[in-house]
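Data from structure.json: JSON, C-alpha atoms
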```json
[["chain", "number", "residue", "atom", "x", "y", "z"],
["A", 1, "MET", "CA", -122.68, 106.16, 58.70],
["A", 2, "ASN", "CA", -119.14, 107.11, 59.66],
["A", 3, "GLN", "CA", -116.66, 106.10, 56.99],
["A", 4, "ILE", "CA", -113.38, 104.49, 58.01],
["A", 5, "PRO", "CA", -110.41, 106.72, 57.14],
["A", 6, "ALA", "CA", -108.30, 105.48, 54.24],
["A", 7, "SER", "CA", -105.14, 105.24, 56.41],
["A", 8, "ARG", "CA", -106.89, 103.13, 59.04],
["A", 9, "SER", "CA", -108.46, 100.90, 56.36],
["A", 10, "TRP", "CA", -105.03, 100.33, 54.79],
["A", 11, "LEU", "CA", -103.56, 99.49, 58.20],
["A", 12, "ARG", "CA", -106.28, 96.94, 58.87],
["A", 13, "ARG", "CA", -105.67, 95.27, 55.52],
["A", 14, "LEU", "CA", -101.96, 95.15, 56.22],
["A", 15, "ILE", "CA", -102.51, 93.56, 59.63],
["A", 16, "LEU", "CA", -104.90, 91.06, 58.06],
["A", 17, "LEU", "CA", -102.38, 90.13, 55.35],
["A", 18, "LEU", "CA", -99.59, 89.75, 57.91],
["A", 19, "GLY", "CA", -101.79, 87.53, 60.06],
["A", 20, "PHE", "CA", -102.77, 85.28, 57.16],
["A", 21, "GLY", "CA", -99.16, 85.18, 55.98],
["A", 22, "PHE", "CA", -97.94, 84.15, 59.41],
["A", 23, "LEU", "CA", -100.52, 81.36, 59.56],
["A", 24, "TYR", "CA", -100.51, 80.00, 56.03],
["A", 25, "LEU", "CA", -97.13, 80.85, 54.50],
["A", 26, "PRO", "CA", -95.36, 77.97, 56.33],
["A", 27, "MET", "CA", -98.03, 75.57, 55.04],
["A", 28, "LEU", "CA", -97.55, 76.88, 51.50],
["A", 29, "LEU", "CA", -93.79, 76.36, 51.73],
["A", 30, "LEU", "CA", -94.35, 72.85, 53.09],
["A", 31, "ILE", "CA", -96.61, 72.00, 50.15],
["A", 32, "ILE", "CA", -94.07, 73.35, 47.67],
["A", 33, "TYR", "CA", -91.16, 71.46, 49.21],
["A", 34, "SER", "CA", -93.18, 68.23, 49.19],
["A", 35, "PHE", "CA", -92.59, 68.25, 45.42],
["A", 36, "ASN", "CA", -88.85, 68.74, 45.83],
["A", 37, "SER", "CA", -86.78, 66.04, 44.14],
["A", 38, "SER", "CA", -83.90, 66.46, 46.59],
["A", 39, "ARG", "CA", -83.60, 64.36, 49.74],
["A", 40, "LEU", "CA", -82.58, 67.50, 51.61],
["A", 41, "VAL", "CA", -85.69, 69.48, 52.44],
["A", 42, "THR", "CA", -83.83, 72.80, 52.49],
["A", 43, "VAL", "CA", -82.21, 72.37, 49.07],
["A", 44, "TRP", "CA", -84.40, 72.82, 46.02],
["A", 45, "ALA", "CA", -83.49, 70.46, 43.16],
["A", 46, "GLY", "CA", -86.52, 70.59, 40.89],
["A", 47, "TRP", "CA", -90.09, 69.37, 40.80],
["A", 48, "SER", "CA", -90.84, 65.72, 41.51],
["A", 49, "THR", "CA", -93.56, 63.51, 42.98],
["A", 50, "ARG", "CA", -91.19, 60.72, 44.06],
["A", 51, "TRP", "CA", -91.81, 61.29, 47.75],
["A", 52, "TYR", "CA", -95.52, 60.67, 47.37],
["A", 53, "GLY", "CA", -94.75, 57.30, 45.83],
["A", 54, "GLU", "CA", -92.31, 56.44, 48.61],
["A", 55, "LEU", "CA", -94.85, 57.60, 51.19],
["A", 56, "PHE", "CA", -97.46, 55.08, 50.04],
["A", 57, "GLU", "CA", -94.79, 52.37, 49.92],
["A", 58, "ASP", "CA", -93.77, 52.94, 53.56],
["A", 59, "PRO", "CA", -95.58, 50.27, 55.64],
["A", 60, "MET", "CA", -94.82, 51.98, 58.96],
["A", 61, "ILE", "CA", -96.57, 55.21, 57.98],
["A", 62, "ILE", "CA", -99.52, 53.42, 56.36],
["A", 63, "GLN", "CA", -99.99, 51.27, 59.46],
["A", 64, "ALA", "CA", -99.75, 54.34, 61.70],
["A", 65, "VAL", "CA", -102.35, 56.18, 59.62],
["A", 66, "LEU", "CA", -104.80, 53.26, 59.78],
["A", 67, "LEU", "CA", -104.25, 52.82, 63.52],
["A", 68, "SER", "CA", -104.73, 56.55, 64.22],
["A", 69, "LEU", "CA", -107.92, 56.71, 62.15],
["A", 70, "THR", "CA", -109.33, 53.60, 63.82],
["A", 71, "ILE", "CA", -108.57, 54.82, 67.35],
["A", 72, "ALA", "CA", -109.86, 58.32, 66.57],
["A", 73, "PHE", "CA", -113.14, 56.95, 65.15],
["A", 74, "PHE", "CA", -113.93, 54.69, 68.11],
["A", 75, "ALA", "CA", -112.65, 57.21, 70.66],
["A", 76, "ALA", "CA", -114.82, 59.99, 69.20],
["A", 77, "THR", "CA", -117.88, 57.72, 69.04],
["A", 78, "THR", "CA", -117.48, 56.56, 72.63],
["A", 79, "ALA", "CA", -116.73, 60.10, 73.81],
["A", 80, "VAL", "CA", -119.93, 61.36, 72.16],
["A", 81, "VAL", "CA", -122.02, 58.80, 74.07],
["A", 82, "LEU", "CA", -120.36, 59.49, 77.43],
["A", 83, "GLY", "CA", -120.12, 63.24, 76.88],
["A", 84, "THR", "CA", -123.78, 63.51, 75.87],
["A", 85, "LEU", "CA", -124.84, 61.59, 78.98],
["A", 86, "ALA", "CA", -122.65, 63.83, 81.13],
["A", 87, "GLY", "CA", -124.11, 66.91, 79.48],
["A", 88, "PHE", "CA", -127.64, 65.71, 80.26],
["A", 89, "VAL", "CA", -126.72, 65.06, 83.88],
["A", 90, "LEU", "CA", -125.28, 68.56, 84.23],
["A", 91, "THR", "CA", -128.25, 70.33, 82.63],
["A", 92, "ARG", "CA", -131.32, 68.12, 83.12],
["A", 93, "MET", "CA", -130.89, 66.28, 86.43],
["A", 94, "GLY", "CA", -131.31, 69.36, 88.59],
["A", 95, "ARG", "CA", -129.58, 69.75, 91.94],
["A", 96, "PHE", "CA", -128.11, 66.59, 93.43],
["A", 97, "ARG", "CA", -125.51, 65.72, 96.00],
["A", 98, "GLY", "CA", -122.02, 65.92, 94.55],
["A", 99, "GLU", "CA", -123.09, 68.04, 91.59],
["A", 100, "HIS", "CA", -120.13, 70.41, 91.83],
["A", 101, "GLY", "CA", -117.69, 67.55, 92.26],
["A", 102, "PHE", "CA", -119.14, 65.80, 89.21],
["A", 103, "ALA", "CA", -118.90, 68.98, 87.12],
["A", 104, "PHE", "CA", -115.31, 69.48, 88.27],
["A", 105, "MET", "CA", -114.33, 65.92, 87.37],
["A", 106, "ILE", "CA", -115.93, 66.26, 83.94],
["A", 107, "THR", "CA", -114.11, 69.49, 83.08],
["A", 108, "ALA", "CA", -110.79, 68.64, 84.78],
["A", 109, "PRO", "CA", -109.22, 67.09, 81.63],
["A", 110, "LEU", "CA", -109.73, 70.42, 79.85],
["A", 111, "VAL", "CA", -107.23, 72.22, 82.09],
["A", 112, "MET", "CA", -105.06, 69.31, 83.19],
["A", 113, "PRO", "CA", -101.61, 69.25, 81.52],
["A", 114, "GLU", "CA", -101.31, 66.38, 79.07],
["A", 115, "VAL", "CA", -98.13, 65.17, 80.76],
["A", 116, "ILE", "CA", -99.99, 64.74, 84.06],
["A", 117, "THR", "CA", -102.91, 63.02, 82.34],
["A", 118, "GLY", "CA", -100.64, 60.65, 80.44],
["A", 119, "LEU", "CA", -98.56, 59.80, 83.49],
["A", 120, "SER", "CA", -101.61, 59.18, 85.69],
["A", 121, "LEU", "CA", -103.17, 56.91, 83.06],
["A", 122, "LEU", "CA", -99.90, 55.02, 82.70],
["A", 123, "LEU", "CA", -99.79, 54.40, 86.46],
["A", 124, "LEU", "CA", -103.45, 53.34, 86.36],
["A", 125, "PHE", "CA", -102.86, 50.78, 83.62],
["A", 126, "VAL", "CA", -99.80, 49.41, 85.40],
["A", 127, "ALA", "CA", -101.75, 49.06, 88.66],
["A", 128, "MET", "CA", -104.68, 47.41, 86.86],
["A", 129, "GLY", "CA", -102.28, 44.97, 85.22],
["A", 130, "ASP", "CA", -100.85, 44.01, 88.61],
["A", 131, "TRP", "CA", -104.19, 43.72, 90.44],
["A", 132, "LEU", "CA", -106.59, 42.52, 87.75],
["A", 133, "GLY", "CA", -104.27, 41.03, 85.15],
["A", 134, "TRP", "CA", -105.60, 43.43, 82.52],
["A", 135, "PRO", "CA", -104.31, 45.06, 80.43],
["A", 136, "THR", "CA", -101.52, 42.55, 79.94],
["A", 137, "GLN", "CA", -99.71, 45.03, 77.70],
["A", 138, "ARG", "CA", -100.22, 48.57, 76.50],
["A", 139, "GLY", "CA", -101.35, 49.13, 72.94],
["A", 140, "SER", "CA", -104.26, 50.36, 70.87],
["A", 141, "THR", "CA", -106.82, 49.55, 73.59],
["A", 142, "THR", "CA", -105.07, 51.63, 76.24],
["A", 143, "ILE", "CA", -104.65, 54.50, 73.75],
["A", 144, "TRP", "CA", -108.38, 54.32, 72.98],
["A", 145, "ILE", "CA", -109.29, 54.44, 76.69],
["A", 146, "ALA", "CA", -106.93, 57.36, 77.27],
["A", 147, "HIS", "CA", -108.35, 59.32, 74.35],
["A", 148, "VAL", "CA", -111.93, 58.69, 75.49],
["A", 149, "THR", "CA", -110.96, 60.05, 78.91],
["A", 150, "PHE", "CA", -110.11, 63.57, 77.74],
["A", 151, "CYS", "CA", -112.29, 63.71, 74.61],
["A", 152, "SER", "CA", -115.45, 63.10, 76.67],
["A", 153, "ALA", "CA", -114.81, 66.35, 78.54],
["A", 154, "TYR", "CA", -114.84, 68.38, 75.32],
["A", 155, "VAL", "CA", -118.03, 66.70, 74.10],
["A", 156, "ALA", "CA", -119.72, 67.27, 77.47],
["A", 157, "VAL", "CA", -118.94, 70.99, 77.34],
["A", 158, "VAL", "CA", -120.23, 71.37, 73.77],
["A", 159, "VAL", "CA", -123.43, 69.38, 74.34],
["A", 160, "SER", "CA", -124.22, 70.91, 77.74],
["A", 161, "SER", "CA", -123.85, 74.43, 76.35],
["A", 162, "ARG", "CA", -126.37, 73.57, 73.61],
["A", 163, "LEU", "CA", -128.75, 71.99, 76.11],
["A", 164, "ARG", "CA", -128.67, 75.13, 78.28],
["A", 165, "GLU", "CA", -129.82, 77.15, 75.25],
["A", 166, "LEU", "CA", -132.65, 74.70, 74.53],
["A", 167, "ASP", "CA", -136.06, 75.92, 75.65],
["A", 168, "SER", "CA", -137.30, 73.32, 78.12],
["A", 169, "ALA", "CA", -140.89, 74.46, 77.54],
["A", 170, "VAL", "CA", -140.97, 72.38, 74.34],
["A", 171, "GLU", "CA", -140.05, 69.22, 76.25],
["A", 172, "GLU", "CA", -142.51, 70.05, 79.03],
["A", 173, "ALA", "CA", -145.29, 70.55, 76.49],
["A", 174, "ALA", "CA", -144.56, 67.14, 75.00],
["A", 175, "MET", "CA", -144.71, 65.58, 78.48],
["A", 176, "ASP", "CA", -148.06, 67.27, 79.12],
["A", 177, "LEU", "CA", -149.36, 65.65, 75.93],
["A", 178, "GLY", "CA", -148.38, 62.23, 77.22],
["A", 179, "ALA", "CA", -145.07, 61.61, 75.46],
["A", 180, "ARG", "CA", -142.61, 59.36, 77.25],
["A", 181, "PRO", "CA", -139.11, 60.65, 78.11],
["A", 182, "LEU", "CA", -137.42, 58.38, 75.57],
["A", 183, "LYS", "CA", -139.72, 59.57, 72.78],
["A", 184, "ILE", "CA", -139.17, 63.19, 73.80],
["A", 185, "PHE", "CA", -135.43, 62.68, 73.58],
["A", 186, "LEU", "CA", -135.56, 60.93, 70.19],
["A", 187, "VAL", "CA", -138.17, 63.16, 68.52],
["A", 188, "ILE", "CA", -137.52, 66.60, 70.06],
["A", 189, "THR", "CA", -134.26, 66.88, 71.96],
["A", 190, "LEU", "CA", -131.96, 64.81, 69.76],
["A", 191, "PRO", "CA", -132.72, 66.64, 66.45],
["A", 192, "ILE", "CA", -132.19, 69.99, 68.16],
["A", 193, "ILE", "CA", -128.83, 69.10, 69.73],
["A", 194, "ALA", "CA", -127.68, 67.05, 66.71],
["A", 195, "PRO", "CA", -125.39, 69.85, 65.41],
["A", 196, "ALA", "CA", -123.70, 70.03, 68.82],
["A", 197, "ILE", "CA", -123.26, 66.25, 68.87],
["A", 198, "VAL", "CA", -121.74, 66.30, 65.39],
["A", 199, "ALA", "CA", -119.45, 69.18, 66.39],
["A", 200, "GLY", "CA", -118.42, 67.30, 69.51],
["A", 201, "TRP", "CA", -117.67, 64.16, 67.48],
["A", 202, "LEU", "CA", -115.55, 66.09, 64.99],
["A", 203, "LEU", "CA", -113.70, 67.86, 67.81],
["A", 204, "ALA", "CA", -113.04, 64.56, 69.61],
["A", 205, "PHE", "CA", -111.91, 62.91, 66.36],
["A", 206, "THR", "CA", -109.48, 65.74, 65.67],
["A", 207, "LEU", "CA", -108.09, 65.76, 69.21],
["A", 208, "SER", "CA", -107.59, 62.00, 69.20],
["A", 209, "LEU", "CA", -105.95, 62.05, 65.77],
["A", 210, "ASP", "CA", -103.63, 64.86, 66.81],
["A", 211, "ASP", "CA", -102.62, 63.60, 70.26],
["A", 212, "LEU", "CA", -98.96, 62.83, 70.85],
["A", 213, "VAL", "CA", -98.15, 63.32, 74.53],
["A", 214, "ILE", "CA", -100.80, 61.08, 76.11],
["A", 215, "ALA", "CA", -100.42, 58.39, 73.45],
["A", 216, "SER", "CA", -96.67, 58.30, 74.08],
["A", 217, "PHE", "CA", -97.30, 57.37, 77.72],
["A", 218, "VAL", "CA", -99.96, 54.68, 77.21],
["A", 219, "SER", "CA", -98.83, 53.09, 73.92],
["A", 220, "GLY", "CA", -96.86, 49.90, 73.55],
["A", 221, "PRO", "CA", -94.07, 48.74, 71.23],
["A", 222, "ASN", "CA", -96.56, 47.39, 68.69],
["A", 223, "ALA", "CA", -98.86, 50.42, 68.61],
["A", 224, "SER", "CA", -97.52, 53.70, 67.22],
["A", 225, "THR", "CA", -99.94, 56.38, 66.14],
["A", 226, "LEU", "CA", -99.26, 58.75, 63.26],
["A", 227, "PRO", "CA", -98.10, 61.69, 65.45],
["A", 228, "MET", "CA", -95.67, 59.35, 67.22],
["A", 229, "VAL", "CA", -94.22, 58.11, 63.92],
["A", 230, "VAL", "CA", -93.94, 61.65, 62.55],
["A", 231, "PHE", "CA", -92.31, 62.93, 65.74],
["A", 232, "SER", "CA", -89.77, 60.10, 65.81],
["A", 233, "SER", "CA", -88.96, 60.71, 62.15],
["A", 234, "VAL", "CA", -88.52, 64.46, 62.62],
["A", 235, "ARG", "CA", -86.12, 63.92, 65.52],
["A", 236, "LEU", "CA", -83.73, 62.23, 63.07],
["A", 237, "GLY", "CA", -84.23, 64.93, 60.44],
["A", 238, "VAL", "CA", -87.19, 66.09, 58.42],
["A", 239, "SER", "CA", -87.86, 63.63, 55.61],
["A", 240, "PRO", "CA", -89.52, 64.79, 52.37],
["A", 241, "LYS", "CA", -92.04, 61.99, 52.93],
["A", 242, "ILE", "CA", -93.27, 63.86, 56.00],
["A", 243, "ASN", "CA", -93.81, 66.94, 53.83],
["A", 244, "ALA", "CA", -95.83, 64.81, 51.41],
["A", 245, "LEU", "CA", -97.87, 63.36, 54.25],
["A", 246, "ALA", "CA", -98.55, 66.81, 55.70],
["A", 247, "THR", "CA", -99.60, 68.07, 52.26],
["A", 248, "ILE", "CA", -102.13, 65.27, 51.89],
["A", 249, "ILE", "CA", -103.54, 65.99, 55.35],
["A", 250, "ILE", "CA", -103.81, 69.70, 54.57],
["A", 251, "LEU", "CA", -105.62, 68.99, 51.29],
["A", 252, "ILE", "CA", -108.07, 66.58, 52.96],
["A", 253, "VAL", "CA", -108.84, 69.03, 55.78],
["A", 254, "SER", "CA", -109.26, 71.88, 53.30],
["A", 255, "LEU", "CA", -111.61, 69.78, 51.16],
["A", 256, "VAL", "CA", -113.74, 68.76, 54.14],
["A", 257, "THR", "CA", -113.86, 72.37, 55.35],
["A", 258, "LEU", "CA", -114.87, 73.59, 51.89],
["A", 259, "ILE", "CA", -117.65, 71.00, 51.65],
["A", 260, "GLY", "CA", -118.91, 71.92, 55.12],
["A", 261, "TRP", "CA", -118.88, 75.63, 54.24],
["A", 262, "TRP", "CA", -120.77, 74.92, 50.99],
["A", 263, "LEU", "CA", -123.41, 72.91, 52.86],
["A", 264, "MET", "CA", -123.82, 75.69, 55.43],
["A", 265, "VAL", "CA", -124.21, 78.33, 52.72],
["A", 266, "ARG", "CA", -126.69, 76.14, 50.88],
["A", 267, "ALA", "CA", -128.74, 75.55, 54.03],
["A", 268, "GLU", "CA", -128.71, 79.25, 54.89],
["A", 269, "LYS", "CA", -129.81, 80.15, 51.37],
["A", 270, "ARG", "CA", -132.67, 77.64, 51.54],
["A", 271, "ARG", "CA", -133.69, 79.01, 54.95],
["A", 272, "ARG", "CA", -133.81, 82.57, 53.59],
["A", 273, "GLN", "CA", -135.89, 81.47, 50.63],
["A", 274, "GLU", "CA", -138.37, 79.69, 52.89],
["A", 275, "ALA", "CA", -138.58, 82.76, 55.13],
["A", 276, "ALA", "CA", -139.18, 84.99, 52.10],
["A", 277, "LEU", "CA", -141.95, 82.69, 50.85],
["A", 278, "ALA", "CA", -143.54, 82.67, 54.31],
["A", 279, "ARG", "CA", -143.55, 86.47, 54.44],
["A", 280, "SER", "CA", -145.02, 86.72, 50.93],
["A", 281, "ASP", "CA", -147.87, 84.35, 51.87]]
```

Just dump the structure as structure tokens.
Amino acid sequence: MNQIPASRSWLRRLILLLGFGFLYLPMLLLIIYSFNSSRLVTVWAGWSTRWYGELFEDPMIIQAVLLSLTIAFFAATTAVVLGTLAGFVLTRMGRFRGEHGFAFMITAPLVMPEVITGLSLLLLFVAMGDWLGWPTQRGSTTIWIAHVTFCSAYVAVVVSSRLRELDSAVEEAAMDLGARPLKIFLVITLPIIAPAIVAGWLLAFTLSLDDLVIASFVSGPNASTLPMVVFSSVRLGVSPKINALATIIILIVSLVTLIGWWLMVRAEKRRRQEAALARSD
């Protein structure tokens, strides 16, 4: 094997450290300044946890967090159902009239600017209110519909890519043995594509929770998501409470990522042990 020269190895480590520093140093500074006792975020005045207490006493932020989590949960769940159905149509229905148009409409939200998507949905809701009398006002329901619209596209791409990798011979063998299509889906197909469905749900949940532009177009005066509240607060000056909120979000995401990594390592270790036992037998 050719060994990497020491100079090149040192350069790679330096580039790696610079990359990680560029990504994570701002987060580290944000976490540190969330414990700053001063009201000015750029002036250090000692360690304190007062802003965490004020954060949990702020009803606007708490209400925004609950609303964002609720919308993200239902939007991701609905997007998984619609996106999975769309993925099956794209990969299992074969050739049909309008196939390319359907595929284009499914993937269009992926490349469409969020401003255009938000504006078009706003005009749609206004027209529906004039013609059908619903929605009477914009709020959490219109935000949920808007989030389902673009989240379904991401789920469809993830699920369809997994279905294309699935060997259809397994499903055909089950059909030859007399299994009905619904049983084939529940017993064979669904367990195989379950990781893709879970990944699509997590991706849709994250996108819905993080959305600001589209929600700003379709929200009402009584429905403000967490990104909208944070953005409006930052426009008036960064509050230490926002630093505390961001720190909590970073810790939760890091904990979930660590648990997921641990489960993956554990499953891979169990898989290797089972393979070793199979070879020894």

Legend entry - Straight-line distance linking atom CA of A:Gly133 with atom CA of A:Ala146, stated in Å to one decimal: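 Taking atom CA of A:Gly133 and atom CA of A:Ala146, their separation equals 18.3 Å.
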
Inset, instruction - Could you tell me which of A:Val155, A:Ile184, A:Ile197, A:Ala275 comes closest to A:Leu82 if we count only C-alpha atoms? - result: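 For A:Leu82, the nearest of the candidates is A:Val155.
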
Inset, instruction - Name all residues at most 8 Å from stretch 90-107 of chain A (count all atoms listed in the file; drop same-chain ones fewer than 4 positions away) and give them as JSON, numbers by chain. - result: {"A": [86, 111, 152, 153, 154, 156, 157, 160, 163, 164]}

Legend entry - Proximity to A:Met112 - best of A:Ala276, A:Leu226, A:Ala169, A:Ile214, all atoms listed in the file: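 That would be A:Ile214, the residue with the smallest distance to A:Met112.
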
Legend entry - Point-to-point distance in Å for atom CA of A:Pro135 and atom CA of A:Gln63: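 About the pair atom CA of A:Gln63 and atom CA of A:Pro135: they are 22.3 Å apart.
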
Inset, instruction - Name all residues at most 10 Å from A:Ile116 (count all atoms listed in the file; drop same-chain ones fewer than 6 positions away) and give them as a PyMOL selection string. - result: chain A and resi 109+122+213-214

Inset, instruction - May I ask for the distance between atom CA of A:Leu245 and atom CA of A:Phe56, given in Å to one decimal place? - result: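 The value is 9.3 Å.
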
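Proximity of A:Pro240, A:His147, A:Gly87, A:Asp211 to A:Ile193, computed with all atoms listed in the file, is greatest for A:Gly87.
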
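You can rank A:Ser254, A:Thr225, A:Ser280, A:Thr142 by their closest distance to A:Leu69 using all atoms listed in the file, and at the top of that list sits A:Thr225.
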
Distance table requested - stretch 170-242 of chain A against stretch 33-43 of chain A, cut-off 9 Å, only C-alpha atoms: one row per qualifying residue with the closest atom pair and its distance in Å to one decimal, ordered by chain and rising residue number, as JSON lines.
```
{"residue": "A:Val238", "atom": "CA", "partner": "A:Val41", "partner_atom": "CA", "distance": 7.0}
{"residue": "A:Ser239", "atom": "CA", "partner": "A:Val41", "partner_atom": "CA", "distance": 7.0}
{"residue": "A:Pro240", "atom": "CA", "partner": "A:Ser34", "partner_atom": "CA", "distance": 5.9}
{"residue": "A:Lys241", "atom": "CA", "partner": "A:Ser34", "partner_atom": "CA", "distance": 7.4}
{"residue": "A:Ile242", "atom": "CA", "partner": "A:Ser34", "partner_atom": "CA", "distance": 8.1}
```

Inset, instruction - Do a neighbour search on A:Val115 at 10 Å with all atoms listed in the file, toss out local chain neighbours closer than 4 positions, and write the hits as a PyMOL selection string. - result: chain A and resi 119-121+213-214+216-217
